[in-house]
$ cat my_file-v3.txt   # compact mmCIF, C-alpha atoms
# COMPACT_ATOMS: atom_id res chain seq x y z
CA MET A 28 -25.30 -42.38 -71.79
CA ASN A 29 -21.81 -41.08 -70.98
CA ILE A 30 -20.72 -37.48 -70.55
CA HIS A 31 -17.35 -35.75 -70.65
CA GLU A 32 -15.16 -35.21 -67.61
CA TYR A 33 -15.70 -31.44 -67.57
CA GLN A 34 -19.48 -31.99 -67.59
CA GLY A 35 -19.17 -34.52 -64.79
CA LYS A 36 -17.24 -32.02 -62.72
CA GLN A 37 -20.01 -29.47 -63.20
CA LEU A 38 -22.34 -32.03 -61.63
CA LEU A 39 -19.89 -32.73 -58.81
CA LYS A 40 -19.82 -29.04 -57.94
CA ARG A 41 -23.61 -29.00 -57.95
CA TYR A 42 -23.48 -31.64 -55.22
CA ASP A 43 -20.80 -29.86 -53.16
CA VAL A 44 -17.83 -31.94 -54.24
CA ASP A 45 -14.64 -29.89 -54.73
CA VAL A 46 -12.86 -30.03 -58.10
CA PRO A 47 -9.71 -28.28 -59.37
CA MET A 48 -9.97 -24.75 -60.69
CA GLY A 49 -10.23 -24.94 -64.47
CA LEU A 50 -12.05 -24.24 -67.70
CA VAL A 51 -12.77 -25.99 -70.97
CA VAL A 52 -11.89 -24.84 -74.51
CA PHE A 53 -13.17 -26.17 -77.82
CA SER A 54 -10.29 -25.25 -80.10
CA ALA A 55 -6.57 -24.62 -79.82
CA LYS A 56 -7.11 -20.99 -80.86
CA GLU A 57 -9.64 -20.43 -78.08
CA GLY A 58 -7.17 -21.78 -75.56
CA VAL A 59 -4.20 -19.81 -76.92
CA ASP A 60 -6.23 -16.59 -76.81
CA LEU A 61 -6.87 -17.01 -73.07
CA SER A 62 -4.76 -14.98 -70.69
CA ASP A 63 -6.21 -13.70 -67.42
CA GLU A 64 -8.79 -16.50 -67.29
CA LEU A 65 -6.16 -19.23 -66.95
CA PRO A 66 -5.26 -20.71 -63.56
CA GLU A 67 -1.64 -20.27 -62.50
CA PHE A 68 1.03 -22.58 -63.93
CA PRO A 69 1.75 -25.46 -63.73
CA LEU A 70 -1.38 -26.73 -65.49
CA VAL A 71 -2.88 -30.01 -66.65
CA LEU A 72 -4.35 -30.32 -70.17
CA LYS A 73 -6.87 -33.16 -70.49
CA ALA A 74 -8.33 -34.32 -73.80
CA GLN A 75 -12.10 -34.78 -73.50
CA ILE A 76 -13.09 -38.12 -75.02
CA HIS A 77 -15.42 -40.88 -73.90
CA SER A 78 -12.73 -43.40 -73.06
CA GLY A 79 -10.66 -44.39 -70.07
CA GLY A 80 -6.89 -44.67 -70.15
CA ARG A 81 -6.26 -41.25 -71.74
CA GLY A 82 -3.12 -40.66 -69.71
CA LYS A 83 -1.30 -43.75 -70.94
CA ALA A 84 -2.40 -42.90 -74.50
CA GLY A 85 -0.95 -39.37 -74.44
CA GLY A 86 -4.25 -37.58 -73.88
CA ILE A 87 -3.10 -35.76 -70.72
CA LYS A 88 -0.26 -33.23 -70.64
CA PHE A 89 1.43 -31.42 -67.77
CA VAL A 90 2.75 -27.98 -68.71
CA LYS A 91 4.96 -25.63 -66.70
CA ASN A 92 4.81 -22.43 -68.75
CA ARG A 93 3.03 -20.60 -71.54
CA ALA A 94 5.13 -22.05 -74.36
CA GLU A 95 4.49 -25.64 -73.23
CA TYR A 96 0.82 -24.80 -72.74
CA GLU A 97 0.30 -23.53 -76.29
CA GLU A 98 2.27 -26.39 -77.82
CA GLY A 99 0.37 -28.96 -75.73
CA LEU A 100 -3.01 -27.53 -76.70
CA ARG A 101 -2.24 -27.64 -80.42
CA GLU A 102 -0.94 -31.18 -80.13
CA LEU A 103 -3.99 -32.48 -78.25
CA PHE A 104 -6.49 -30.97 -80.69
CA GLN A 105 -4.68 -32.68 -83.58
CA LYS A 106 -3.96 -35.97 -81.85
CA GLN A 107 -5.71 -39.27 -82.51
CA ILE A 108 -5.90 -40.98 -79.12
CA PHE A 109 -5.91 -44.77 -79.08
CA THR A 110 -6.86 -46.25 -75.71
CA THR A 111 -7.50 -49.81 -74.58
CA GLN A 112 -11.23 -49.00 -74.67
CA SER A 113 -11.35 -47.44 -78.15
CA LYS A 114 -11.22 -50.82 -79.96
CA GLY A 115 -8.49 -49.79 -82.38
CA THR A 116 -10.22 -46.56 -83.40
CA GLY A 117 -8.46 -43.31 -82.58
CA LYS A 118 -10.44 -40.42 -81.12
CA THR A 119 -9.58 -36.78 -81.78
CA PRO A 120 -10.85 -34.53 -78.96
CA SER A 121 -13.18 -31.65 -79.70
CA ALA A 122 -12.57 -30.15 -76.25
CA VAL A 123 -9.69 -29.87 -73.78
CA LEU A 124 -10.07 -29.30 -70.04
CA ILE A 125 -7.46 -26.96 -68.55
CA GLU A 126 -6.92 -27.32 -64.80
CA GLU A 127 -4.60 -26.27 -62.02
CA MET A 128 -2.27 -28.96 -60.69
CA CYS A 129 -3.10 -30.27 -57.21
CA LYS A 130 -0.53 -31.79 -54.89
CA SER A 131 -1.85 -34.97 -53.32
CA VAL A 132 -1.16 -36.25 -49.82
CA LYS A 133 -3.12 -39.45 -50.54
CA ASP A 134 -5.04 -40.85 -53.52
CA TYR A 135 -8.36 -42.70 -53.20
CA TYR A 136 -10.90 -44.35 -55.47
CA PHE A 137 -14.63 -43.71 -55.08
CA GLY A 138 -17.55 -45.16 -57.01
CA ILE A 139 -21.29 -45.81 -56.86
CA VAL A 140 -22.85 -48.48 -59.07
CA VAL A 141 -25.82 -50.84 -59.12
CA ASP A 142 -24.82 -54.40 -58.20
CA ARG A 143 -27.32 -56.41 -60.22
CA ASN A 144 -26.47 -59.66 -58.45
CA CYS A 145 -27.38 -58.24 -55.05
CA GLN A 146 -29.99 -55.86 -56.48
CA GLU A 147 -28.58 -53.11 -54.29
CA VAL A 148 -26.58 -49.94 -54.75
CA CYS A 149 -22.90 -50.52 -54.07
CA VAL A 150 -20.58 -47.80 -52.75
CA VAL A 151 -16.94 -48.62 -53.53
CA LEU A 152 -13.94 -47.12 -51.75
CA SER A 153 -10.24 -47.84 -52.03
CA GLY A 154 -7.22 -46.47 -50.25
CA ARG A 155 -5.43 -46.49 -53.59
CA GLY A 156 -6.49 -44.42 -56.61
CA GLY A 157 -5.15 -43.68 -60.06
CA VAL A 158 -4.38 -45.64 -63.20
CA ASP A 159 -3.44 -48.92 -61.47
CA VAL A 160 -6.43 -49.18 -59.13
CA GLU A 161 -7.82 -52.20 -61.02
CA GLU A 162 -4.61 -54.24 -60.76
CA LYS A 163 -4.97 -57.52 -58.85
CA ASP A 164 -2.25 -56.50 -56.41
CA TYR A 165 -4.61 -53.91 -54.96
CA GLU A 166 -7.83 -55.96 -54.75
CA SER A 167 -7.52 -56.25 -50.97
CA GLU A 168 -7.76 -52.47 -50.65
CA ILE A 169 -11.16 -52.27 -52.36
CA LYS A 170 -13.99 -51.88 -49.84
CA LYS A 171 -17.69 -52.22 -50.67
CA VAL A 172 -20.82 -51.14 -48.83
CA PHE A 173 -24.19 -52.36 -50.10
CA VAL A 174 -27.10 -50.00 -49.53
CA ASN A 175 -30.71 -51.13 -49.43
CA VAL A 176 -32.51 -48.36 -51.31
CA ASP A 177 -35.64 -48.79 -49.19
CA GLU A 178 -33.65 -48.11 -46.03
CA GLY A 179 -31.35 -45.43 -47.43
CA ILE A 180 -27.85 -44.44 -46.40
CA ASN A 181 -26.43 -43.58 -42.98
CA GLU A 182 -22.98 -42.88 -41.58
CA SER A 183 -22.87 -45.98 -39.36
CA GLN A 184 -22.73 -48.18 -42.48
CA PHE A 185 -19.22 -46.87 -43.16
CA THR A 186 -17.78 -46.98 -39.64
CA GLU A 187 -15.90 -50.25 -40.15
CA ILE A 188 -14.40 -49.16 -43.48
CA PHE A 189 -13.41 -45.75 -42.11
CA ASP A 190 -11.72 -47.56 -39.20
CA GLN A 191 -9.85 -49.84 -41.60
CA MET A 192 -8.71 -46.83 -43.63
CA GLU A 193 -7.62 -45.08 -40.40
CA PHE A 194 -9.48 -41.84 -41.08
CA GLU A 195 -9.29 -39.03 -38.55
CA PRO A 196 -12.70 -37.66 -37.41
CA ILE A 197 -12.65 -34.64 -39.73
CA LEU A 198 -11.76 -36.80 -42.75
CA ARG A 199 -14.52 -39.27 -41.84
CA LYS A 200 -17.02 -36.43 -41.94
CA LYS A 201 -15.70 -35.18 -45.28
CA PHE A 202 -15.87 -38.64 -46.82
CA TYR A 203 -19.35 -39.35 -45.53
CA ASN A 204 -20.67 -36.00 -46.77
CA LEU A 205 -19.25 -36.75 -50.22
CA ILE A 206 -20.76 -40.26 -50.21
CA ARG A 207 -24.16 -39.00 -49.06
CA ASN A 208 -24.27 -36.16 -51.59
CA LEU A 209 -23.33 -38.39 -54.53
CA TYR A 210 -25.69 -41.15 -53.36
CA ASN A 211 -28.47 -38.54 -53.63
CA ALA A 212 -27.16 -37.47 -57.04
CA PHE A 213 -27.19 -41.11 -58.19
CA PHE A 214 -30.96 -41.28 -57.77
CA GLU A 215 -31.91 -37.70 -58.55
CA LEU A 216 -30.09 -37.80 -61.92
CA ASP A 217 -30.95 -41.43 -62.89
CA ALA A 218 -27.28 -42.42 -62.92
CA ASN A 219 -25.95 -45.94 -63.46
CA LEU A 220 -22.41 -45.06 -62.40
CA ILE A 221 -20.56 -42.29 -60.61
CA GLU A 222 -16.79 -42.70 -60.37
CA ILE A 223 -14.00 -40.46 -59.09
CA ASN A 224 -10.50 -41.76 -59.74
CA PRO A 225 -8.46 -40.38 -58.22
CA LEU A 226 -10.14 -38.61 -55.35
CA VAL A 227 -7.20 -36.88 -53.68
CA GLN A 228 -6.59 -35.65 -50.18
CA ILE A 229 -4.67 -32.37 -50.46
CA ASP A 230 -4.21 -31.74 -46.72
CA GLY A 231 -5.51 -33.03 -43.40
CA SER A 232 -9.18 -32.69 -44.30
CA ASN A 233 -9.86 -31.53 -47.85
CA LEU A 234 -10.74 -33.82 -50.77
CA ILE A 235 -10.67 -32.88 -54.46
CA ALA A 236 -11.99 -34.92 -57.40
CA LEU A 237 -9.26 -34.99 -60.06
CA ASP A 238 -11.37 -37.00 -62.49
CA SER A 239 -15.06 -37.67 -62.99
CA LYS A 240 -16.94 -40.39 -64.83
CA TRP A 241 -20.73 -40.63 -65.05
CA ASN A 242 -23.07 -42.97 -66.87
CA PHE A 243 -26.84 -42.47 -67.03
CA ASP A 244 -29.81 -44.79 -67.50
CA PRO A 245 -31.14 -44.11 -71.03
CA ASN A 246 -34.65 -44.90 -69.80
CA GLY A 247 -34.45 -41.96 -67.41
CA LEU A 248 -33.27 -39.34 -69.88
CA LYS A 249 -36.81 -38.08 -70.56
CA ARG A 250 -36.86 -36.98 -66.93
CA GLN A 251 -33.41 -35.39 -67.19
CA PRO A 252 -33.37 -32.63 -69.85
CA ASP A 253 -30.24 -31.06 -68.34
CA ILE A 254 -28.37 -34.36 -68.56
CA LEU A 255 -29.66 -35.08 -72.07
CA SER A 256 -28.34 -31.68 -73.22
CA MET A 257 -24.83 -32.90 -72.29
CA ARG A 258 -24.96 -35.74 -74.81
CA ASP A 259 -22.13 -35.70 -77.36
CA THR A 260 -23.28 -37.82 -80.29
CA LYS A 261 -19.86 -37.45 -81.97
CA GLU A 262 -18.53 -39.74 -79.25
CA GLU A 263 -21.19 -42.40 -79.83
CA GLU A 264 -21.46 -45.19 -82.37
CA GLY A 265 -23.32 -43.87 -85.43
CA LEU A 266 -25.31 -47.05 -86.03
CA GLU A 267 -26.51 -47.06 -82.43
CA ILE A 268 -27.68 -43.46 -82.78
CA GLU A 269 -29.51 -44.32 -85.99
CA SER A 270 -31.17 -47.37 -84.43
CA ALA A 271 -32.45 -45.33 -81.49
CA LYS A 272 -34.46 -43.17 -83.92
CA TYR A 273 -36.50 -46.28 -84.76
CA ASN A 274 -36.76 -47.58 -81.18
CA LEU A 275 -34.44 -50.49 -81.96
CA SER A 276 -32.20 -52.08 -79.35
CA TYR A 277 -28.88 -52.23 -81.21
CA ILE A 278 -25.34 -52.45 -79.84
CA LYS A 279 -22.36 -52.78 -82.16
CA LEU A 280 -19.82 -55.48 -81.28
CA ASP A 281 -16.49 -56.61 -82.75
CA GLY A 282 -17.53 -59.78 -84.60
CA ASN A 283 -18.59 -60.56 -88.18
CA ILE A 284 -21.94 -62.39 -87.82
CA GLY A 285 -24.81 -59.92 -87.92
CA CYS A 286 -27.71 -60.98 -85.68
CA MET A 287 -31.39 -60.09 -86.03
CA VAL A 288 -33.50 -61.50 -83.19
CA ASN A 289 -36.79 -60.69 -81.45
CA GLY A 290 -36.59 -60.51 -77.68
CA ALA A 291 -33.59 -59.54 -75.55
CA GLY A 292 -33.30 -62.94 -73.90
CA LEU A 293 -33.33 -64.78 -77.22
CA ALA A 294 -30.82 -62.28 -78.61
CA MET A 295 -28.42 -62.92 -75.72
CA ALA A 296 -28.84 -66.68 -76.05
CA THR A 297 -28.21 -66.48 -79.81
CA MET A 298 -24.96 -64.58 -79.28
CA ASP A 299 -23.89 -67.10 -76.63
CA ILE A 300 -24.45 -69.98 -79.04
CA ILE A 301 -22.49 -68.21 -81.77
CA LYS A 302 -19.53 -67.81 -79.39
CA LEU A 303 -19.88 -71.40 -78.19
CA MET A 304 -19.59 -72.62 -81.77
CA GLY A 305 -16.49 -70.59 -82.54
CA GLY A 306 -18.08 -67.54 -84.14
CA SER A 307 -18.25 -63.89 -83.14
CA PRO A 308 -21.42 -61.75 -83.18
CA ALA A 309 -21.20 -58.35 -84.84
CA ASN A 310 -24.06 -56.87 -82.86
CA PHE A 311 -26.87 -57.21 -80.40
CA LEU A 312 -30.14 -56.42 -82.20
CA ASP A 313 -33.60 -56.91 -80.71
CA VAL A 314 -36.33 -55.79 -83.11
CA GLY A 315 -38.96 -56.23 -80.40
CA GLY A 316 -42.11 -58.27 -80.05
CA GLY A 317 -44.45 -56.44 -82.39
CA ALA A 318 -42.21 -54.82 -84.99
CA SER A 319 -43.71 -53.53 -88.23
CA VAL A 320 -42.44 -54.34 -91.72
CA GLU A 321 -40.83 -50.90 -91.87
CA LYS A 322 -39.06 -51.36 -88.54
CA VAL A 323 -37.68 -54.76 -89.56
CA SER A 324 -36.51 -53.31 -92.87
CA LYS A 325 -34.67 -50.47 -91.16
CA ALA A 326 -33.16 -52.87 -88.62
CA PHE A 327 -31.74 -55.02 -91.41
CA GLU A 328 -30.31 -51.98 -93.22
CA ILE A 329 -28.57 -50.83 -90.02
CA LEU A 330 -27.26 -54.34 -89.37
CA VAL A 331 -25.58 -54.73 -92.78
CA SER A 332 -24.27 -51.15 -92.72
CA ASN A 333 -21.54 -52.46 -90.46
CA PRO A 334 -18.66 -53.30 -92.86
CA LEU A 335 -17.48 -56.10 -90.55
CA VAL A 336 -20.62 -58.17 -91.19
CA LYS A 337 -19.86 -61.16 -93.45
CA VAL A 338 -23.05 -63.16 -92.86
CA VAL A 339 -26.44 -62.44 -91.29
CA LEU A 340 -28.16 -64.82 -88.89
CA ILE A 341 -31.90 -64.23 -88.42
CA ASN A 342 -33.40 -66.00 -85.41
CA ILE A 343 -37.08 -65.21 -84.99
CA PHE A 344 -39.59 -66.96 -82.77
CA GLY A 345 -42.96 -65.61 -83.74
CA GLY A 346 -45.46 -65.14 -80.93
CA ILE A 347 -46.56 -61.55 -80.86
CA MET A 348 -44.10 -60.98 -83.70
CA ARG A 349 -45.45 -61.97 -87.12
CA CYS A 350 -42.94 -63.99 -89.11
CA ASP A 351 -44.33 -62.68 -92.41
CA TYR A 352 -43.58 -59.11 -91.29
CA VAL A 353 -39.98 -60.14 -90.71
CA ALA A 354 -39.73 -61.75 -94.13
CA GLN A 355 -41.28 -58.79 -95.94
CA GLY A 356 -39.09 -56.32 -94.04
CA VAL A 357 -35.92 -58.19 -95.02
CA VAL A 358 -37.08 -58.45 -98.66
CA ASN A 359 -37.78 -54.71 -98.78
CA ALA A 360 -34.37 -53.94 -97.30
CA LEU A 361 -32.53 -56.21 -99.74
CA GLN A 362 -34.16 -54.44 -102.65
CA ASN A 363 -32.84 -51.08 -101.42
CA ILE A 364 -29.25 -51.90 -100.45
CA SER A 365 -26.18 -52.86 -102.44
CA ASN A 366 -24.40 -54.73 -99.65
CA LYS A 367 -25.47 -58.33 -100.28
CA VAL A 368 -24.22 -60.82 -97.69
CA PRO A 369 -25.22 -64.46 -97.10
CA ILE A 370 -28.34 -64.82 -94.93
CA VAL A 371 -29.15 -67.79 -92.72
CA ALA A 372 -32.66 -67.67 -91.29
CA ARG A 373 -34.41 -69.65 -88.59
CA ILE A 374 -37.96 -68.30 -88.53
CA LYS A 375 -40.47 -70.24 -86.44
CA GLY A 376 -43.94 -69.52 -85.11
CA PHE A 377 -46.85 -67.29 -86.08
CA LYS A 378 -47.20 -66.84 -89.88
CA GLU A 379 -44.11 -69.01 -90.50
CA GLU A 380 -45.37 -70.52 -93.77
CA GLU A 381 -46.38 -67.12 -95.11
CA ALA A 382 -42.85 -65.88 -94.34
CA LYS A 383 -41.28 -68.70 -96.32
CA SER A 384 -43.61 -68.00 -99.25
CA ILE A 385 -42.63 -64.32 -99.29
CA ILE A 386 -38.92 -65.20 -99.40
CA LYS A 387 -39.45 -67.85 -102.08
CA GLU A 388 -41.45 -65.51 -104.33
CA SER A 389 -38.84 -62.76 -103.96
CA ARG A 390 -36.17 -65.06 -105.46
CA LEU A 391 -33.64 -63.57 -103.05
CA ALA A 392 -30.87 -65.76 -101.70
CA MET A 393 -31.71 -66.79 -98.15
CA MET A 394 -31.12 -70.15 -96.49
CA PHE A 395 -33.92 -71.39 -94.23
CA VAL A 396 -32.83 -73.73 -91.41
CA ASP A 397 -35.33 -75.09 -88.88
CA ASN A 398 -32.80 -76.11 -86.21
CA LEU A 399 -31.01 -73.28 -84.41
CA GLU A 400 -27.81 -75.23 -83.84
CA ASP A 401 -27.60 -76.06 -87.54
CA ALA A 402 -28.31 -72.44 -88.48
CA VAL A 403 -25.55 -71.14 -86.22
CA ASN A 404 -23.08 -73.75 -87.50
CA ILE A 405 -23.76 -72.69 -91.09
CA ALA A 406 -23.43 -68.99 -90.25
CA VAL A 407 -20.14 -69.53 -88.40
CA ARG A 408 -18.72 -71.58 -91.26
CA GLN A 409 -19.74 -69.02 -93.89
CA ALA A 410 -18.29 -66.16 -91.84
CA LYS A 411 -14.94 -67.95 -91.73
CA GLU A 412 -15.00 -68.76 -95.46
CA THR A 413 -16.10 -65.33 -96.71
$ encode --input "my_file-v3.txt" --output "structure tokens"
Amino acid sequence: MNIHEYQGKQLLKRYDVDVPMGLVVFSAKEGVDLSDELPEFPLVLKAQIHSGGRGKAGGIKFVKNRAEYEEGLRELFQKQIFTTQSKGTGKTPSAVLIEEMCKSVKDYYFGIVVDRNCQEVCVVLSGRGGVDVEEKDYESEIKKVFVNVDEGINESQFTEIFDQMEFEPILRKKFYNLIRNLYNAFFELDANLIEINPLVQIDGSNLIALDSKWNFDPNGLKRQPDILSMRDTKEEEGLEIESAKYNLSYIKLDGNIGCMVNGAGLAMATMDIIKLMGGSPANFLDVGGGASVEKVSKAFEILVSNPLVKVVLINIFGGIMRCDYVAQGVVNALQNISNKVPIVARIKGFKEEEAKSIIKESRLAMMFVDNLEDAVNIAVRQAKET
């Protein structure tokens, strides 16, 4: 789960990380009506959307006076912002963060993330921050420290990096305090990612977070009511929200072959095979090992609700999952929806024959294919022809 920048900065302050003076407004009128509450000009106006690259897309404005401020606010609240991460869909902000401008002596990048290859927490630092931090020219400046969670974090782990970055003693202490505090936040709040870019040095010893990005483990949200209250469903994919109501693992993708699979590993393998054969999956969808008829039916309805889907590929290996439940769920869904697309099904395992009988008796168009490679080839071909 992602949160907005202004919410992330509230969390940073909770963990003693300095942020610019500012406030958030939820309409242009609210912002225009402000007077004494505003920081002193010049100010920065930042559209609050769940997407990186806002600055290059016109979602950040620098204003020097009241007239520019009011004009900038109105423009941002009406603007559709297209970023490299928004997949061709513009986002109109429902909030704008208003902040004082901070003069930077030096920009840095800071992040904490789980490195799944090493199975350790990785603290990332760079002596260069800002919009170009990910460019290959600056790879040599990215420093990583891997932390064994059983052993915890200590200042000596960062001595070599601090030496390389030529930090004075007071700046070393500031940096380590920030790292330690946000390392604690990472675990206390069930975070997957904490990122500050840029983290700016404003004088000889003080650091301020000019931006804030957080991502949280959805499995930990039941333990984090304060974090869950920050969720902005308007910024999330509607089909993914709907699927979560039925405990379905669904992620929308950019392709046109809808996939219904049981088991996350099989789902990933199915999508890999589709790509290998020249197709493009429209989603990840794992209905689980013991799904009911109703759950399968709802999963199919969600899958075909995506207008990009031109063909559906069902790949079920029945162990705990009953194949006849899958068949009946799909039949029930097809009777209730108007969006009829070609269906290629590979259904093997427990209650396989019963599943085929249910489909046959329903007289609904569905192609059964025993071999997965053949099934994927047919689905890819039909997606290209439709």
$ closest_residue --input "my_file-v3.txt" --among "A:Ile223, A:Ala296, A:Val140, A:Leu70" --to "Ile235 (chain A)" --atoms "all atoms listed in the file"
A:Ile223
$ residues_around --input "my_file-v3.txt" --residues "Ile125 (chain A)" --least-positions-apart "3" --cutoff "10 Å" --atoms "only C-alpha atoms" --output "MDAnalysis selection string"
chainID A and resid 33 47:52 58 65:66 70:74 88:89 96 100 122 128
$ write_last_selection --input "my_file-v3.txt" --atoms "C-alpha atoms" --output "PDB file, in the frame of the given file"
ATOM      1  CA  TYR A  33     -15.700 -31.440 -67.570  1.00  0.00           C
ATOM      2  CA  PRO A  47      -9.710 -28.280 -59.370  1.00  0.00           C
ATOM      3  CA  MET A  48      -9.970 -24.750 -60.690  1.00  0.00           C
ATOM      4  CA  GLY A  49     -10.230 -24.940 -64.470  1.00  0.00           C
ATOM      5  CA  LEU A  50     -12.050 -24.240 -67.700  1.00  0.00           C
ATOM      6  CA  VAL A  51     -12.770 -25.990 -70.970  1.00  0.00           C
ATOM      7  CA  VAL A  52     -11.890 -24.840 -74.510  1.00  0.00           C
ATOM      8  CA  GLY A  58      -7.170 -21.780 -75.560  1.00  0.00           C
ATOM      9  CA  LEU A  65      -6.160 -19.230 -66.950  1.00  0.00           C
ATOM     10  CA  PRO A  66      -5.260 -20.710 -63.560  1.00  0.00           C
ATOM     11  CA  LEU A  70      -1.380 -26.730 -65.490  1.00  0.00           C
ATOM     12  CA  VAL A  71      -2.880 -30.010 -66.650  1.00  0.00           C
ATOM     13  CA  LEU A  72      -4.350 -30.320 -70.170  1.00  0.00           C
ATOM     14  CA  LYS A  73      -6.870 -33.160 -70.490  1.00  0.00           C
ATOM     15  CA  ALA A  74      -8.330 -34.320 -73.800  1.00  0.00           C
ATOM     16  CA  LYS A  88      -0.260 -33.230 -70.640  1.00  0.00           C
ATOM     17  CA  PHE A  89       1.430 -31.420 -67.770  1.00  0.00           C
ATOM     18  CA  TYR A  96       0.820 -24.800 -72.740  1.00  0.00           C
ATOM     19  CA  LEU A 100      -3.010 -27.530 -76.700  1.00  0.00           C
ATOM     20  CA  ALA A 122     -12.570 -30.150 -76.250  1.00  0.00           C
ATOM     21  CA  MET A 128      -2.270 -28.960 -60.690  1.00  0.00           C
TER      22      MET A 128
END
$ closest_residue --input "my_file-v3.txt" --among "A:Asn366, A:Gln191, A:Asn219, A:Ser256" --to "Glu168 (chain A)" --atoms "all atoms listed in the file"
A:Gln191
$ atom_distance --input "my_file-v3.txt" --atom1 "CA of Lys171 (chain A)" --atom2 "CA of Leu216 (chain A)"
22.1 Å
$ atom_distance --input "my_file-v3.txt" --atom1 "CA of Ile197 (chain A)" --atom2 "CA of Glu32 (chain A)"
28.0 Å
$ residues_around --input "my_file-v3.txt" --residues "Lys261 (chain A)" --least-positions-apart "6" --cutoff "10 Å" --atoms "all atoms listed in the file" --output "PDB file with C-alpha atoms, in the coordinates of the input"
ATOM      1  CA  ILE A  76     -13.090 -38.120 -75.020  1.00  0.00           C
ATOM      2  CA  HIS A  77     -15.420 -40.880 -73.900  1.00  0.00           C
ATOM      3  CA  LYS A 118     -10.440 -40.420 -81.120  1.00  0.00           C
ATOM      4  CA  PRO A 120     -10.850 -34.530 -78.960  1.00  0.00           C
ATOM      5  CA  SER A 121     -13.180 -31.650 -79.700  1.00  0.00           C
ATOM      6  CA  ILE A 268     -27.680 -43.460 -82.780  1.00  0.00           C
TER       7      ILE A 268
END
$ residues_near_point --input "my_file-v3.txt" --point "(-26.1, -57.2, -89.2)" --cutoff "9 Å" --atoms "only C-alpha atoms" --output "PyMOL selection string"
chain A and resi 283-287+308-312+326-333+335-340
$ closest_residue --input "my_file-v3.txt" --among "A:Ala218, A:Val176, A:Met192, A:Val141" --to "Asn246 (chain A)" --atoms "only C-alpha atoms"
A:Ala218
$ atom_distance --input "my_file-v3.txt" --atom1 "CA of Gly157 (chain A)" --atom2 "CA of Glu195 (chain A)"
22.4 Å
$ closest_residue --input "my_file-v3.txt" --among "A:Gly86, A:Gly346, A:Gly247, A:Gly231" --to "Ser131 (chain A)" --atoms "only C-alpha atoms"
A:Gly231
$ residues_near_point --input "my_file-v3.txt" --point "(-31.8, -71.0, -92.3)" --cutoff "9 Å" --atoms "only C-alpha atoms" --output "ChimeraX atom specification"
/A:340-342,370-374,393-399,401-403,405-406
$ closest_residue --input "my_file-v3.txt" --among "A:Ser276, A:Asn224, A:Ser153, A:Asn204" --to "Gly79 (chain A)" --atoms "all atoms listed in the file"
A:Asn224
$ residues_around --input "my_file-v3.txt" --residues "Thr186 (chain A)" --least-positions-apart "2" --cutoff "12 Å" --atoms "all atoms listed in the file" --output "short mmCIF file (atom, residue, chain, number, x, y, z; two decimals) with C-alpha atoms, in the frame of the given file"
data_model
loop_
_atom_site.label_atom_id
_atom_site.label_comp_id
_atom_site.auth_asym_id
_atom_site.auth_seq_id
_atom_site.Cartn_x
_atom_site.Cartn_y
_atom_site.Cartn_z
CA LYS A 170 -13.99 -51.88 -49.84
CA VAL A 172 -20.82 -51.14 -48.83
CA ASN A 181 -26.43 -43.58 -42.98
CA GLU A 182 -22.98 -42.88 -41.58
CA SER A 183 -22.87 -45.98 -39.36
CA GLN A 184 -22.73 -48.18 -42.48
CA ILE A 188 -14.40 -49.16 -43.48
CA PHE A 189 -13.41 -45.75 -42.11
CA ASP A 190 -11.72 -47.56 -39.20
CA GLN A 191 -9.85 -49.84 -41.60
CA MET A 192 -8.71 -46.83 -43.63
CA GLU A 193 -7.62 -45.08 -40.40
CA PHE A 194 -9.48 -41.84 -41.08
CA GLU A 195 -9.29 -39.03 -38.55
CA PRO A 196 -12.70 -37.66 -37.41
CA ARG A 199 -14.52 -39.27 -41.84
CA LYS A 200 -17.02 -36.43 -41.94
CA PHE A 202 -15.87 -38.64 -46.82
CA TYR A 203 -19.35 -39.35 -45.53
#
$ residues_around --input "my_file-v3.txt" --residues "region 240-242 of chain A" --least-positions-apart "6" --cutoff "12 Å" --atoms "all atoms listed in the file" --output "NGL selection string"
:A and (28-39 or 75-79 or 136-141 or 209 or 212-213 or 216-226 or 248 or 254-255 or 257-258)
$ closest_residue --input "my_file-v3.txt" --among "A:Asn274, A:Gln409, A:Ser319, A:Ser324" --to "Val368 (chain A)" --atoms "only C-alpha atoms"
A:Gln409
$ axis_aligned_box --input "my_file-v3.txt" --around "region 351-362 of chain A" --padding-each-side "5 Å" --output "JSON"
{"center_x": -38.4, "center_y": -58.3, "center_z": -96.7, "size_x": 21.8, "size_y": 18.7, "size_z": 21.9}
$ residues_around --input "my_file-v3.txt" --residues "Gly356 (chain A)" --least-positions-apart "3" --cutoff "12 Å" --atoms "all atoms listed in the file" --output "list of chain:residue names"
A:Met287, A:Val314, A:Ala318, A:Ser319, A:Val320, A:Glu321, A:Lys322, A:Val323, A:Ser324, A:Lys325, A:Ala326, A:Phe327, A:Glu328, A:Arg349, A:Cys350, A:Asp351, A:Tyr352, A:Val353, A:Asn359, A:Ala360, A:Leu361, A:Gln362, A:Asn363, A:Ala382, A:Ile385, A:Ile386, A:Ser389
